[in-house]
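File shown: input.txt (compact mmCIF, C-alpha atoms and all ligand atoms).
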# COMPACT_ATOMS: atom_id res chain seq x y z
CA MET A 1 20.07 -12.41 2.27
CA THR A 2 22.09 -10.27 -0.08
CA ILE A 3 20.95 -7.96 -2.84
CA SER A 4 21.92 -9.56 -6.16
CA ARG A 5 23.43 -7.69 -9.12
CA HIS A 6 20.35 -8.81 -11.07
CA ALA A 7 18.03 -6.99 -8.63
CA LEU A 8 20.15 -3.84 -8.81
CA ASP A 9 19.96 -4.00 -12.62
CA ILE A 10 16.16 -4.30 -12.43
CA ALA A 11 16.08 -1.27 -10.09
CA ASP A 12 18.19 0.75 -12.57
CA LYS A 13 15.83 -0.17 -15.42
CA VAL A 14 12.78 0.75 -13.34
CA GLU A 15 14.32 4.10 -12.38
CA ALA A 16 15.12 4.95 -16.00
CA PHE A 17 11.59 3.97 -17.07
CA VAL A 18 9.90 6.01 -14.33
CA ARG A 19 12.04 9.10 -14.92
CA GLU A 20 11.88 9.03 -18.74
CA THR A 21 8.44 7.57 -19.48
CA VAL A 22 6.19 7.86 -16.41
CA ILE A 23 7.01 11.33 -15.08
CA PRO A 24 5.74 13.02 -18.30
CA TYR A 25 2.33 11.39 -17.58
CA GLU A 26 2.05 13.30 -14.27
CA GLN A 27 0.32 16.16 -16.09
CA ASP A 28 -2.00 13.80 -18.03
CA PRO A 29 -5.59 14.91 -17.37
CA ARG A 30 -7.12 11.42 -17.55
CA ARG A 31 -8.39 11.34 -13.92
CA ASP A 32 -11.79 10.51 -12.44
CA HIS A 33 -13.83 13.05 -10.47
CA HIS A 34 -11.97 12.01 -7.29
CA GLY A 35 -8.66 12.89 -9.00
CA ALA A 36 -7.56 9.23 -9.28
CA PRO A 37 -5.98 8.02 -12.55
CA LEU A 38 -8.46 6.44 -14.97
CA ASP A 39 -7.86 2.83 -16.01
CA GLU A 40 -7.32 3.99 -19.60
CA LEU A 41 -4.24 5.90 -18.40
CA VAL A 42 -3.10 3.08 -16.07
CA PHE A 43 -3.27 0.39 -18.77
CA GLU A 44 -1.54 2.63 -21.33
CA MET A 45 1.37 3.08 -18.89
CA LYS A 46 1.37 -0.67 -18.15
CA ASP A 47 1.69 -1.40 -21.87
CA LYS A 48 4.77 0.84 -21.95
CA ALA A 49 6.20 -0.90 -18.87
CA ARG A 50 5.65 -4.27 -20.58
CA GLU A 51 7.52 -3.04 -23.67
CA ALA A 52 10.36 -1.73 -21.48
CA GLY A 53 10.58 -5.06 -19.57
CA VAL A 54 9.70 -3.51 -16.18
CA LEU A 55 6.12 -4.75 -15.65
CA THR A 56 5.77 -6.54 -12.28
CA PRO A 57 9.57 -6.36 -11.96
CA HIS A 58 9.67 -7.88 -8.44
CA ILE A 59 8.16 -11.19 -9.65
CA LEU A 60 10.56 -13.12 -11.88
CA PRO A 61 9.48 -14.99 -15.07
CA ASP A 62 9.58 -18.34 -13.16
CA GLY A 63 7.00 -16.98 -10.66
CA SER A 64 9.50 -16.52 -7.81
CA HIS A 65 9.74 -13.22 -5.92
CA LEU A 66 12.81 -11.10 -5.40
CA ASN A 67 13.70 -11.30 -1.72
CA GLN A 68 12.40 -8.43 0.43
CA ARG A 69 15.67 -6.48 0.48
CA GLU A 70 15.79 -6.71 -3.32
CA THR A 71 12.11 -5.82 -3.58
CA ALA A 72 12.91 -2.67 -1.59
CA VAL A 73 15.52 -1.38 -4.05
CA VAL A 74 13.12 -1.96 -6.94
CA LEU A 75 9.92 -0.62 -5.33
CA ILE A 76 11.63 2.53 -4.05
CA LYS A 77 12.57 3.32 -7.65
CA SER A 78 9.06 2.55 -8.92
CA GLY A 79 7.80 5.09 -6.35
CA LEU A 80 9.76 8.00 -7.80
CA SER A 81 6.45 9.11 -9.32
CA PRO A 82 3.00 8.53 -7.75
CA LEU A 83 2.14 6.96 -11.14
CA GLY A 84 5.25 4.73 -11.18
CA PRO A 85 3.82 1.83 -9.12
CA LEU A 86 0.66 1.85 -11.29
CA ALA A 87 2.73 1.68 -14.47
CA CYS A 88 5.09 -1.02 -13.14
CA ASN A 89 2.35 -3.05 -11.39
CA THR A 90 3.96 -2.67 -7.97
CA MET A 91 0.98 -0.73 -6.56
CA ALA A 92 -1.22 -1.49 -3.56
CA PRO A 93 -3.44 -3.37 -3.15
CA ASP A 94 -2.42 -5.55 -6.14
CA GLU A 95 1.14 -6.06 -4.96
CA GLY A 96 0.01 -7.38 -1.54
CA ASN A 97 -2.79 -9.41 -3.08
CA MET A 98 -0.41 -11.05 -5.57
CA TYR A 99 1.91 -11.90 -2.68
CA LEU A 100 -0.94 -13.46 -0.70
CA ILE A 101 -2.39 -15.54 -3.56
CA GLY A 102 1.16 -16.60 -4.49
CA HIS A 103 1.77 -17.85 -0.93
CA VAL A 104 -1.64 -19.31 0.01
CA GLY A 105 -3.51 -19.96 -3.26
CA SER A 106 -3.92 -23.33 -4.96
CA ALA A 107 -2.61 -24.00 -8.48
CA GLU A 108 -6.12 -23.26 -9.85
CA HIS A 109 -6.30 -19.99 -7.89
CA LYS A 110 -2.94 -18.93 -9.30
CA GLU A 111 -3.94 -19.72 -12.87
CA ARG A 112 -7.34 -18.02 -12.65
CA PHE A 113 -6.84 -15.09 -10.26
CA LEU A 114 -3.09 -14.46 -9.93
CA LYS A 115 -2.02 -14.72 -13.57
CA PRO A 116 -4.08 -11.75 -14.87
CA LEU A 117 -2.75 -9.63 -11.99
CA VAL A 118 0.90 -10.52 -12.57
CA GLU A 119 0.42 -9.90 -16.29
CA GLY A 120 -1.01 -6.46 -15.50
CA ARG A 121 -4.30 -7.25 -17.26
CA ALA A 122 -6.52 -6.74 -14.20
CA ARG A 123 -6.74 -4.91 -10.87
CA SER A 124 -7.76 -6.37 -7.51
CA ALA A 125 -9.21 -5.30 -4.15
CA PHE A 126 -8.79 -6.50 -0.56
CA LEU A 127 -12.07 -6.38 1.38
CA MET A 128 -11.46 -6.35 5.13
CA THR A 129 -12.40 -3.03 6.80
CA GLU A 130 -16.06 -2.39 7.71
CA PRO A 131 -18.00 0.83 8.31
CA ALA A 132 -17.57 2.42 11.77
CA GLU A 133 -21.28 3.38 11.85
CA TRP A 134 -22.13 -0.33 11.38
CA GLY A 135 -19.90 -1.26 14.34
CA GLY A 136 -17.63 -3.34 12.07
CA ALA A 137 -13.92 -4.12 11.90
CA GLY A 138 -11.48 -1.21 11.60
CA SER A 139 -8.37 -0.94 13.75
CA ASP A 140 -9.71 -3.98 15.59
CA PRO A 141 -10.19 -6.77 13.00
CA SER A 142 -11.76 -9.06 15.63
CA MET A 143 -14.89 -6.86 15.36
CA MET A 144 -15.57 -8.32 11.90
CA LYS A 145 -19.33 -8.55 11.27
CA THR A 146 -19.42 -9.76 7.66
CA THR A 147 -20.47 -13.40 7.78
CA CYS A 148 -20.00 -16.46 5.59
CA GLU A 149 -22.12 -19.59 5.91
CA PRO A 150 -21.72 -22.93 4.10
CA ASP A 151 -24.56 -23.88 1.77
CA GLY A 152 -23.96 -27.14 -0.13
CA ASN A 153 -20.75 -26.69 -2.09
CA HIS A 154 -20.94 -22.89 -1.78
CA TRP A 155 -20.45 -20.26 0.91
CA VAL A 156 -22.89 -17.38 1.25
CA ILE A 157 -21.42 -14.03 2.31
CA ASN A 158 -23.34 -11.09 3.79
CA GLY A 159 -22.06 -7.84 5.22
CA ARG A 160 -20.57 -4.42 4.57
CA LYS A 161 -17.09 -3.16 3.74
CA THR A 162 -15.52 0.29 3.53
CA PHE A 163 -12.39 2.08 2.26
CA ILE A 164 -11.90 -0.74 -0.23
CA THR A 165 -9.18 0.55 -2.50
CA GLY A 166 -9.75 -0.04 -6.17
CA ALA A 167 -12.98 -2.03 -5.69
CA TYR A 168 -14.55 0.10 -8.39
CA GLY A 169 -13.05 -1.32 -11.60
CA ALA A 170 -11.34 -4.33 -9.99
CA LYS A 171 -11.66 -7.80 -11.57
CA VAL A 172 -10.46 -9.83 -8.57
CA GLY A 173 -11.53 -9.47 -4.92
CA ILE A 174 -10.24 -11.06 -1.73
CA VAL A 175 -13.12 -10.97 0.74
CA MET A 176 -12.74 -11.55 4.49
CA ALA A 177 -15.72 -12.85 6.42
CA LYS A 178 -16.44 -14.65 9.68
CA ALA A 179 -17.63 -18.27 9.91
CA GLU A 180 -18.19 -20.51 12.95
CA GLU A 181 -14.58 -21.70 12.53
CA GLY A 182 -13.28 -18.10 12.57
CA ALA A 183 -12.20 -15.72 9.80
CA CYS A 184 -12.15 -16.94 6.19
CA MET A 185 -10.85 -15.49 2.93
CA PHE A 186 -12.43 -15.93 -0.48
CA LEU A 187 -11.31 -15.16 -4.00
CA VAL A 188 -14.15 -13.65 -6.01
CA ASP A 189 -14.68 -12.35 -9.53
CA LEU A 190 -15.61 -8.68 -9.64
CA PRO A 191 -17.90 -7.02 -10.40
CA ASP A 192 -20.70 -9.21 -8.99
CA PRO A 193 -24.37 -8.16 -8.74
CA ALA A 194 -24.34 -9.34 -5.09
CA ILE A 195 -21.66 -6.74 -4.26
CA HIS A 196 -23.17 -3.29 -4.43
CA ILE A 197 -20.97 -0.17 -4.38
CA ASP A 198 -22.83 2.23 -2.07
CA GLU A 199 -20.39 5.14 -2.15
CA VAL A 200 -16.92 6.17 -3.26
CA PRO A 201 -16.06 9.14 -1.02
CA ASN A 202 -13.57 11.84 -1.94
CA THR A 203 -10.42 11.27 0.08
CA ILE A 204 -7.24 13.26 0.73
CA ASP A 205 -5.18 10.88 -1.45
CA THR A 206 -5.66 10.55 -5.21
CA SER A 207 -3.11 7.99 -6.42
CA MET A 208 -5.19 4.83 -6.43
CA PRO A 209 -7.51 3.97 -9.36
CA GLY A 210 -11.08 3.37 -8.25
CA SER A 211 -10.41 5.27 -4.98
CA HIS A 212 -11.83 3.69 -1.79
CA ALA A 213 -15.36 2.27 -1.95
CA THR A 214 -18.00 1.41 0.63
CA LEU A 215 -19.86 -1.78 -0.33
CA THR A 216 -22.78 -3.94 0.68
CA ILE A 217 -22.44 -7.69 0.15
CA ASP A 218 -25.87 -9.24 -0.20
CA ASN A 219 -26.03 -13.05 -0.39
CA LEU A 220 -22.84 -13.44 -2.42
CA ARG A 221 -22.55 -17.14 -3.35
CA VAL A 222 -18.95 -18.30 -3.69
CA PRO A 223 -17.99 -21.87 -4.72
CA ALA A 224 -16.23 -23.63 -1.83
CA ASP A 225 -13.08 -24.14 -3.89
CA GLN A 226 -12.65 -20.35 -4.06
CA MET A 227 -11.83 -20.22 -0.36
CA LEU A 228 -8.23 -19.13 0.05
CA GLY A 229 -6.57 -21.69 2.31
CA GLU A 230 -8.51 -23.19 5.21
CA ALA A 231 -11.69 -22.03 7.02
CA GLY A 232 -10.87 -20.22 10.27
CA GLU A 233 -7.32 -19.30 9.17
CA GLY A 234 -8.21 -15.91 7.64
CA PHE A 235 -6.42 -13.80 10.24
CA LYS A 236 -3.31 -15.98 9.89
CA TYR A 237 -3.30 -15.33 6.12
CA ALA A 238 -3.92 -11.63 6.75
CA GLN A 239 -0.67 -11.69 8.75
CA VAL A 240 1.13 -13.32 5.80
CA ARG A 241 0.03 -10.40 3.61
CA LEU A 242 0.34 -7.73 6.26
CA SER A 243 4.06 -7.34 6.90
CA PRO A 244 5.27 -7.34 3.27
CA ALA A 245 2.30 -5.15 2.24
CA ARG A 246 3.05 -2.61 4.99
CA LEU A 247 6.68 -2.59 4.05
CA SER A 248 6.02 -2.16 0.34
CA HIS A 249 3.93 0.94 1.13
CA CYS A 250 6.99 2.27 2.98
CA MET A 251 9.14 1.52 -0.09
CA ARG A 252 6.89 3.23 -2.63
CA TRP A 253 6.23 6.32 -0.52
CA LEU A 254 9.93 6.60 0.31
CA GLY A 255 10.54 6.75 -3.46
CA CYS A 256 7.95 9.52 -3.75
CA CYS A 257 9.53 11.49 -0.91
CA ILE A 258 13.00 11.12 -2.47
CA ARG A 259 11.57 12.76 -5.59
CA ALA A 260 9.73 15.48 -3.61
CA HIS A 261 13.03 16.24 -1.87
CA GLU A 262 14.78 16.50 -5.27
CA ILE A 263 12.11 18.97 -6.44
CA ALA A 264 12.36 21.03 -3.23
CA THR A 265 16.16 21.04 -3.47
CA ASP A 266 16.01 22.26 -7.05
CA TYR A 267 13.66 25.07 -5.99
CA ALA A 268 15.86 26.07 -3.03
CA CYS A 269 19.02 26.13 -5.16
CA ARG A 270 17.49 28.37 -7.86
CA ARG A 271 15.08 30.65 -6.01
CA GLU A 272 16.57 33.80 -4.47
CA ALA A 273 15.29 35.83 -1.50
CA PHE A 274 17.04 38.52 0.53
CA GLY A 275 20.05 38.52 -1.79
CA LYS A 276 20.93 34.84 -1.92
CA VAL A 277 19.51 31.46 -2.96
CA LEU A 278 17.13 29.93 -0.42
CA ILE A 279 19.34 26.97 0.45
CA GLU A 280 21.95 29.40 1.82
CA HIS A 281 19.44 30.61 4.41
CA GLU A 282 20.03 28.35 7.37
CA GLY A 283 16.30 27.82 7.98
CA VAL A 284 15.87 26.32 4.51
CA GLY A 285 19.23 24.53 4.37
CA PHE A 286 18.51 22.83 7.68
CA MET A 287 15.11 21.61 6.46
CA LEU A 288 16.77 19.96 3.47
CA ALA A 289 19.53 18.55 5.69
CA GLU A 290 16.90 17.05 8.03
CA ASN A 291 15.18 15.55 4.99
CA ARG A 292 18.44 13.94 3.88
CA ILE A 293 18.96 12.42 7.35
CA GLU A 294 15.38 11.13 7.66
CA LEU A 295 15.33 9.73 4.11
CA LYS A 296 18.38 7.66 4.99
CA GLN A 297 16.86 6.57 8.31
CA ALA A 298 13.69 5.46 6.50
CA GLU A 299 15.74 3.51 3.95
CA LEU A 300 17.69 1.76 6.71
CA MET A 301 14.53 0.94 8.68
CA ILE A 302 13.01 -0.64 5.54
CA ASP A 303 16.20 -2.59 4.85
CA TRP A 304 16.34 -3.85 8.46
CA CYS A 305 12.71 -5.01 8.41
CA ALA A 306 13.16 -6.56 4.94
CA SER A 307 16.15 -8.55 6.20
CA VAL A 308 14.00 -9.88 9.08
CA LEU A 309 11.28 -10.98 6.62
CA ASP A 310 13.97 -12.60 4.47
CA THR A 311 14.78 -14.97 7.36
CA GLY A 312 11.25 -16.41 6.96
CA SER A 313 9.92 -14.58 10.04
CA LEU A 314 6.42 -13.04 9.80
CA GLY A 315 8.10 -9.83 11.03
CA THR A 316 4.87 -8.60 12.61
CA VAL A 317 6.56 -6.49 15.30
CA GLU A 318 9.37 -5.29 13.05
CA SER A 319 6.98 -4.25 10.26
CA SER A 320 4.86 -2.43 12.83
CA MET A 321 7.91 -0.51 14.02
CA ALA A 322 9.05 0.19 10.47
CA LYS A 323 5.58 1.33 9.41
CA VAL A 324 5.38 3.87 12.25
CA ALA A 325 8.95 5.13 11.87
CA VAL A 326 8.80 5.44 8.08
CA SER A 327 5.29 6.89 7.71
CA GLU A 328 5.92 9.50 10.43
CA ALA A 329 9.34 10.43 8.95
CA LEU A 330 7.87 10.70 5.45
CA MET A 331 5.14 13.01 6.74
CA ARG A 332 7.77 15.35 8.19
CA ILE A 333 9.83 15.15 4.98
CA ALA A 334 6.84 15.88 2.72
CA ASP A 335 5.80 18.78 4.96
CA ARG A 336 9.30 20.32 4.78
CA CYS A 337 9.30 19.96 0.97
CA VAL A 338 6.03 21.93 0.80
CA GLN A 339 7.42 24.58 3.17
CA VAL A 340 10.71 25.02 1.30
CA MET A 341 8.77 25.68 -1.92
CA GLY A 342 6.51 28.37 -0.48
CA GLY A 343 3.29 28.93 -2.44
CA THR A 344 4.48 26.67 -5.25
CA GLY A 345 4.59 23.81 -2.72
CA VAL A 346 0.81 23.82 -2.29
CA THR A 347 -0.01 23.95 -6.01
CA ASP A 348 -0.40 21.04 -8.37
CA ARG A 349 2.46 22.36 -10.57
CA THR A 350 4.66 19.68 -8.98
CA ILE A 351 3.90 16.35 -7.28
CA VAL A 352 5.03 17.74 -3.90
CA GLU A 353 1.53 18.62 -2.71
CA GLN A 354 0.21 15.21 -3.80
CA VAL A 355 3.01 13.41 -1.97
CA PHE A 356 2.05 15.38 1.18
CA ARG A 357 -1.58 14.23 0.83
CA GLU A 358 -0.68 10.62 0.04
CA VAL A 359 1.66 10.28 3.00
CA ARG A 360 -1.00 11.75 5.31
CA ALA A 361 -3.35 8.90 4.38
CA PHE A 362 -0.52 6.39 4.79
CA ARG A 363 -0.35 7.24 8.52
CA ILE A 364 -3.79 5.58 8.77
CA TYR A 365 -3.98 2.60 6.41
CA ASP A 366 -2.12 -0.63 7.18
CA GLY A 367 -2.66 0.26 10.83
CA PRO A 368 -2.76 3.78 12.26
CA THR A 369 0.41 4.87 14.11
CA GLU A 370 -1.33 4.72 17.50
CA VAL A 371 -2.51 1.14 16.99
CA HIS A 372 1.05 0.00 16.21
CA LYS A 373 2.39 1.84 19.27
CA TRP A 374 -0.38 0.39 21.44
CA SER A 375 0.40 -3.16 20.35
CA LEU A 376 4.12 -2.54 20.86
CA ALA A 377 3.42 -1.23 24.37
CA LYS A 378 1.43 -4.43 25.12
CA LYS A 379 4.46 -6.47 24.04
CA ILE A 380 6.81 -4.36 26.17
CA LYS A 381 4.55 -4.97 29.20
CA ARG A 382 4.38 -8.71 28.47
CA GLU A 383 8.16 -8.91 28.25
CA TRP A 384 8.53 -6.94 31.47
CA LYS A 385 6.13 -9.34 33.25
CA GLU A 386 8.03 -12.37 31.95
CA ALA A 387 11.37 -10.87 32.97
CA ASN A 388 10.07 -9.98 36.43
CA GLY A 389 7.93 -13.07 37.08
CA ALA A 390 4.96 -10.72 37.59
C1 LIG A 401 -6.63 5.56 1.91
C2 LIG A 401 -7.10 4.32 2.60
C3 LIG A 401 -7.10 3.11 1.92
C4 LIG A 401 -7.56 1.94 2.55
N1 LIG A 401 -7.63 0.77 1.84
C5 LIG A 401 -8.18 -0.33 2.41
C6 LIG A 401 -8.40 -1.53 1.64
O1 LIG A 401 -8.07 -1.60 0.44
N2 LIG A 401 -8.98 -2.60 2.25
C7 LIG A 401 -9.36 -2.57 3.56
O2 LIG A 401 -9.85 -3.57 4.04
N3 LIG A 401 -9.18 -1.44 4.32
C8 LIG A 401 -8.62 -0.32 3.76
N4 LIG A 401 -8.45 0.83 4.50
C9 LIG A 401 -8.94 0.88 5.88
C10 LIG A 401 -7.86 1.00 6.91
O3 LIG A 401 -7.16 -0.20 7.06
C11 LIG A 401 -8.55 1.49 8.19
O4 LIG A 401 -8.93 2.83 7.96
C12 LIG A 401 -7.67 1.40 9.41
O5 LIG A 401 -7.46 0.06 9.76
C13 LIG A 401 -8.31 2.12 10.61
O6 LIG A 401 -9.64 1.69 10.82
P1 LIG A 401 -10.80 2.78 10.96
O7 LIG A 401 -10.72 3.71 9.81
O8 LIG A 401 -12.07 2.06 11.18
O9 LIG A 401 -10.40 3.62 12.25
P2 LIG A 401 -10.86 3.34 13.76
O10 LIG A 401 -10.73 1.91 14.08
O11 LIG A 401 -12.19 3.98 13.94
O12 LIG A 401 -9.75 4.16 14.56
C14 LIG A 401 -9.72 5.59 14.54
C15 LIG A 401 -8.46 6.08 15.24
O13 LIG A 401 -8.49 5.62 16.61
C16 LIG A 401 -7.17 5.45 17.08
N5 LIG A 401 -7.06 4.10 17.67
C17 LIG A 401 -7.72 2.96 17.35
N6 LIG A 401 -7.33 1.94 18.13
C18 LIG A 401 -6.41 2.43 18.99
C19 LIG A 401 -5.63 1.89 20.05
N7 LIG A 401 -5.71 0.60 20.37
N8 LIG A 401 -4.79 2.73 20.72
C20 LIG A 401 -4.67 4.04 20.38
N9 LIG A 401 -5.37 4.61 19.40
C21 LIG A 401 -6.23 3.82 18.72
C22 LIG A 401 -6.22 5.64 15.88
O14 LIG A 401 -5.67 6.95 15.96
C23 LIG A 401 -7.14 5.53 14.70
O15 LIG A 401 -6.68 6.29 13.58
C24 LIG A 401 -7.98 2.00 3.90
C25 LIG A 401 -7.96 3.23 4.58
C26 LIG A 401 -7.53 4.36 3.95
C27 LIG A 401 -7.54 5.67 4.71
Represent the supplied structure as C-alpha cells.
Amino acid sequence: MTISRHALDIADKVEAFVRETVIPYEQDPRRDHHGAPLDELVFEMKDKAREAGVLTPHILPDGSHLNQRETAVVLIKSGLSPLGPLACNTMAPDEGNMYLIGHVGSAEHKERFLKPLVEGRARSAFLMTEPAEWGGAGSDPSMMKTTCEPDGNHWVINGRKTFITGAYGAKVGIVMAKAEEGACMFLVDLPDPAIHIDEVPNTIDTSMPGSHATLTIDNLRVPADQMLGEAGEGFKYAQVRLSPARLSHCMRWLGCCIRAHEIATDYACRREAFGKVLIEHEGVGFMLAENRIELKQAELMIDWCASVLDTGSLGTVESSMAKVAVSEALMRIADRCVQVMGGTGVTDRTIVEQVFREVRAFRIYDGPTEVHKWSLAKKIKREWKEANGA
C-alpha cells in the first residue's frame, strides 16, 4: 500500500503541533510522584490537539484507520516529544486498545468503550501480565492464572495483574483471563471496587500517566455481553493487537530518538573543547554519524514491517524482528546522545535523559529482546527440519 498525500499532510500538521505547542509543555511541573504526567496536563494538551485538528490523527472521521505505513509517518512525528503521543492520543496502551476494540468489538462495544477513547475523553488499560512472585503470566502468556467462570449471564474474574500501564486513572480496561475454553478478553468499566490497586512502583520510565500498577481482581462480575469476541479466542485477539501495538511503540520512540539526536547535534555543533566544536572531533562526529545510519535503519525496518501488516498478514514474525532491531538500535542511539552531551546529557534540562530511560524500558515491554530471538530461533529450527526432512 502507498502512503497517500493526505497522510503526509496529517504528519506535517502533527509535527507542527508537537514542535510549536507540545514541546513547551516539557518543562510543565504537573507530574505525579512517579514523574508521570498528571491527567490535568494530558487533557489540557488533548484539548489543544482537538483545536488544532490533530487528535487521534491516525483514525479518520469515518472510523477507518490510516494504513500501517501511513500510521508510521504520523506516529513518528507525534513522538518528537515524549508528551506528543499523549497530546495527540496516539499513546500506548490506548492506541493498541483502540485498534483491538475497532477490530474485534461489537457495535455496542464501539459505542460504549471505543468512542470515548477515540474522542480523547478517557484513558484505557490492557490487563495481561501477572506477578512473577505469584507464578503468573509474563514472557510466557500460557502461564496465565487469572480465571474467569460463567455465572448466569455474567462471568466472574479472579486473579492478579502487574505492570498495568495507566490502570490508575483509566476508565476502560481490557482484562485477560482463563476459562475452560481457553483465554478470554473482557471490556470493563474502571475503576471497579472488585479491582484493587495494590501498588504502583516507581519505574525507570516516566512518560505514561498512571504509571504501571499491580492489581488484585476479586470476584469481578462482568456481563457476558462485555466479552470481547468469543470465549477461548483471547490469545488470537492478543495477536491481532500485538503486531501493530509493537510497531507503534517503535514509531513513537523513533520520533523521540530523532529529537534526541537533533538536541545532541545542536550541542555538538555549538560546544567547543580543545580548540574546536565537538562535532569536529572524530569520536563525537562518528557517534552522530552512527546515529544517522541507525535512525534510517530503524525507519526502514518499521516501514518494511508496516508494509507486511498492510497485506493483511498478522506479521507476528516480522513485528518480532522489527521490535528487536528497532528497540536495540534506539537504545544505542539514545546512549550516544547522552554521551555526546556530557554532563548535560544526564540532566533533565533536555529530554535526552528521559528518552534514554524510556527506550530502556521498551527493550522489555511488548516482549523482551531475548524472547523474540528465542521464538525466531525456534522458527529457524522448524524451517531447517522441514527443509531437511528431519
Ligand atoms: C514499562 C512497562 C509497561 C508495561 N505495560 C504493560 C501493560 O500495560 N499490560 C500488561 O499486561 N503488561 C505490561 N507490561 C509487562 C510486560 O509485557 C512484561 O514485563 C514482559 O512481557 C516480560 O514479562 P516479565 O516482566 O514477567 O519477565 P519474565 O517473564 O520474568 O522474564 C524476565 C527475563 O527473562 C528473559 N527470558 C524470558 N523468557 C525467555 C526465553 N524464552 N529465552 C530467553 N530469555 C528469556 C528475558 O530477558 C526477560 O526480560 C509492561 C512492562 C513494562 C516494563
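Residue nearest Ser307 of chain A within the list A:Met227, A:Ser319, A:Arg336, A:Lys115: A:Ser319 [criterion: smallest interatomic distance, only C-alpha atoms].
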### Task
Collect all residues with atoms no farther than 8 Å from ligand LIG 401 (chain A), counting only C-alpha atoms and all ligand atoms, and output them as number ranges by chain.
A: 92-93, 125-132, 136-140, 161-167, 203-205, 211-212, 361-362, 364-375
Would you mind listing, for every residue of segment 55-134 of chain A within 9 Å of segment 244-248 of chain A, the two atoms forming the shortest contact and the distance between them in Å to one decimal, using all atoms listed in the file, sorted by chain and ascending residue number, as a Markdown table?
| residue | atom | partner | partner_atom | distance |
| --- | --- | --- | --- | --- |
| A:Gln68 | CA | A:Pro244 | CA | 7.8 |
| A:Thr71 | CA | A:Ser248 | CA | 8.1 |
| A:Ala72 | CA | A:Ser248 | CA | 7.2 |
| A:Leu75 | CA | A:Ser248 | CA | 7.1 |
| A:Ile76 | CA | A:Ser248 | CA | 8.5 |
| A:Thr90 | CA | A:Ser248 | CA | 8.6 |
| A:Met91 | CA | A:Ser248 | CA | 8.7 |
| A:Ala92 | CA | A:Ala245 | CA | 7.7 |
| A:Pro93 | CA | A:Ala245 | CA | 8.1 |
| A:Glu95 | CA | A:Ala245 | CA | 7.3 |
| A:Gly96 | CA | A:Ala245 | CA | 5.0 |
| A:Asn97 | CA | A:Ala245 | CA | 8.5 |
| A:Tyr99 | CA | A:Pro244 | CA | 8.2 |
### Query
Got a sec: who's within 7 Å of Ala122 of chain A, counting all atoms listed in the file, leaving out chain neighbours fewer than 4 positions off, as a list in words?
Pro116, Leu117, Ala170 and Lys171 of chain A
For segment 238-338 of chain A against segment 19-40 of chain A, with a cut-off of 12 Å and counting only C-alpha atoms, what is the closest atom pair and its distance in Å to one decimal for every residue that makes the cut, ordered by chain and number, as CSV?
residue,atom,partner,partner_atom,distance
A:Gly255,CA,A:Arg19,CA,11.8
A:Cys256,CA,A:Ile23,CA,11.5
A:Arg259,CA,A:Arg19,CA,10.0
### From A:Cys257, A:Val346, A:Cys269, A:Val284, residue lying nearest Arg332 of chain A [only C-alpha atoms]
A:Cys257
So that I can check the surroundings of Glu199 of chain A, please list as a PDB file with C-alpha atoms, keeping the file's coordinate frame every protein, DNA and RNA residue that reaches within 8 Å of it, counting all atoms listed in the file and ignoring chain neighbours fewer than 5 positions away.
ATOM      1  CA  ALA A 213     -15.360   2.270  -1.950  1.00  0.00           C
ATOM      2  CA  THR A 214     -18.000   1.410   0.630  1.00  0.00           C
ATOM      3  CA  LEU A 215     -19.860  -1.780  -0.330  1.00  0.00           C
TER       4      LEU A 215
END
Spatial neighbours of Asn67 of chain A, 9 Å, only C-alpha atoms, chain gap at least 3 places, as a short mmCIF file (atom, residue, chain, number, x, y, z; two decimals) with C-alpha atoms, keeping the file's coordinate frame:
data_model
loop_
_atom_site.label_atom_id
_atom_site.label_comp_id
_atom_site.auth_asym_id
_atom_site.auth_seq_id
_atom_site.Cartn_x
_atom_site.Cartn_y
_atom_site.Cartn_z
CA MET A 1 20.07 -12.41 2.27
CA THR A 2 22.09 -10.27 -0.08
CA ILE A 3 20.95 -7.96 -2.84
CA HIS A 58 9.67 -7.88 -8.44
CA GLU A 70 15.79 -6.71 -3.32
CA THR A 71 12.11 -5.82 -3.58
CA ALA A 72 12.91 -2.67 -1.59
CA ALA A 306 13.16 -6.56 4.94
CA SER A 307 16.15 -8.55 6.20
CA LEU A 309 11.28 -10.98 6.62
CA ASP A 310 13.97 -12.60 4.47
#
### Residue neighbourhood Ala231 of chain A, 9 Å, all atoms listed in the file, exclusion window fewer than 3 positions, as a list in words
Ala179, Glu180, Glu181, Gly182, Ala183, Cys184, Met185, Met227, Leu228 and Gly234 of chain A
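Put simply, atom CA of Ala177 of chain A is 28.3 Å away from atom CA of His65 of chain A.
Taking atom CA of Ser320 of chain A as the reference point, atom CA of Cys305 of chain A is found at 9.4 Å.
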### Message
Every residue with an atom at most 10 Å from (5.8, 6.5, 2.3) (file coordinates; all atoms listed in the file) is what I'm after, so could you write them as JSON, numbers by chain?
### Response
{"A": [76, 79, 246, 247, 248, 249, 250, 251, 252, 253, 254, 255, 256, 257, 258, 298, 323, 326, 327, 328, 329, 330, 331, 333, 334, 355, 356, 358, 359, 360, 361, 362, 363]}
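Of note, atom CA of Ile263 of chain A and atom CA of Arg349 of chain A are spaced 11.0 Å apart.
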Generate N, CA and C atoms for segment 266-271 of chain A and emit them as a short mmCIF file (atom, residue, chain, number, x, y, z; two decimals), in the frame of the given file.
data_model
loop_
_atom_site.label_atom_id
_atom_site.label_comp_id
_atom_site.auth_asym_id
_atom_site.auth_seq_id
_atom_site.Cartn_x
_atom_site.Cartn_y
_atom_site.Cartn_z
N ASP A 266 15.85 21.49 -5.81
CA ASP A 266 16.01 22.26 -7.05
C ASP A 266 15.45 23.68 -6.86
N TYR A 267 14.29 23.75 -6.23
CA TYR A 267 13.66 25.07 -5.99
C TYR A 267 14.57 25.92 -5.10
N ALA A 268 15.07 25.30 -4.01
CA ALA A 268 15.86 26.07 -3.03
C ALA A 268 17.22 26.50 -3.58
N CYS A 269 17.71 25.77 -4.57
CA CYS A 269 19.02 26.13 -5.16
C CYS A 269 18.88 27.17 -6.27
N ARG A 270 17.69 27.39 -6.78
CA ARG A 270 17.49 28.37 -7.86
C ARG A 270 16.84 29.66 -7.36
N ARG A 271 15.90 29.51 -6.44
CA ARG A 271 15.08 30.65 -6.01
C ARG A 271 15.88 31.55 -5.06
#
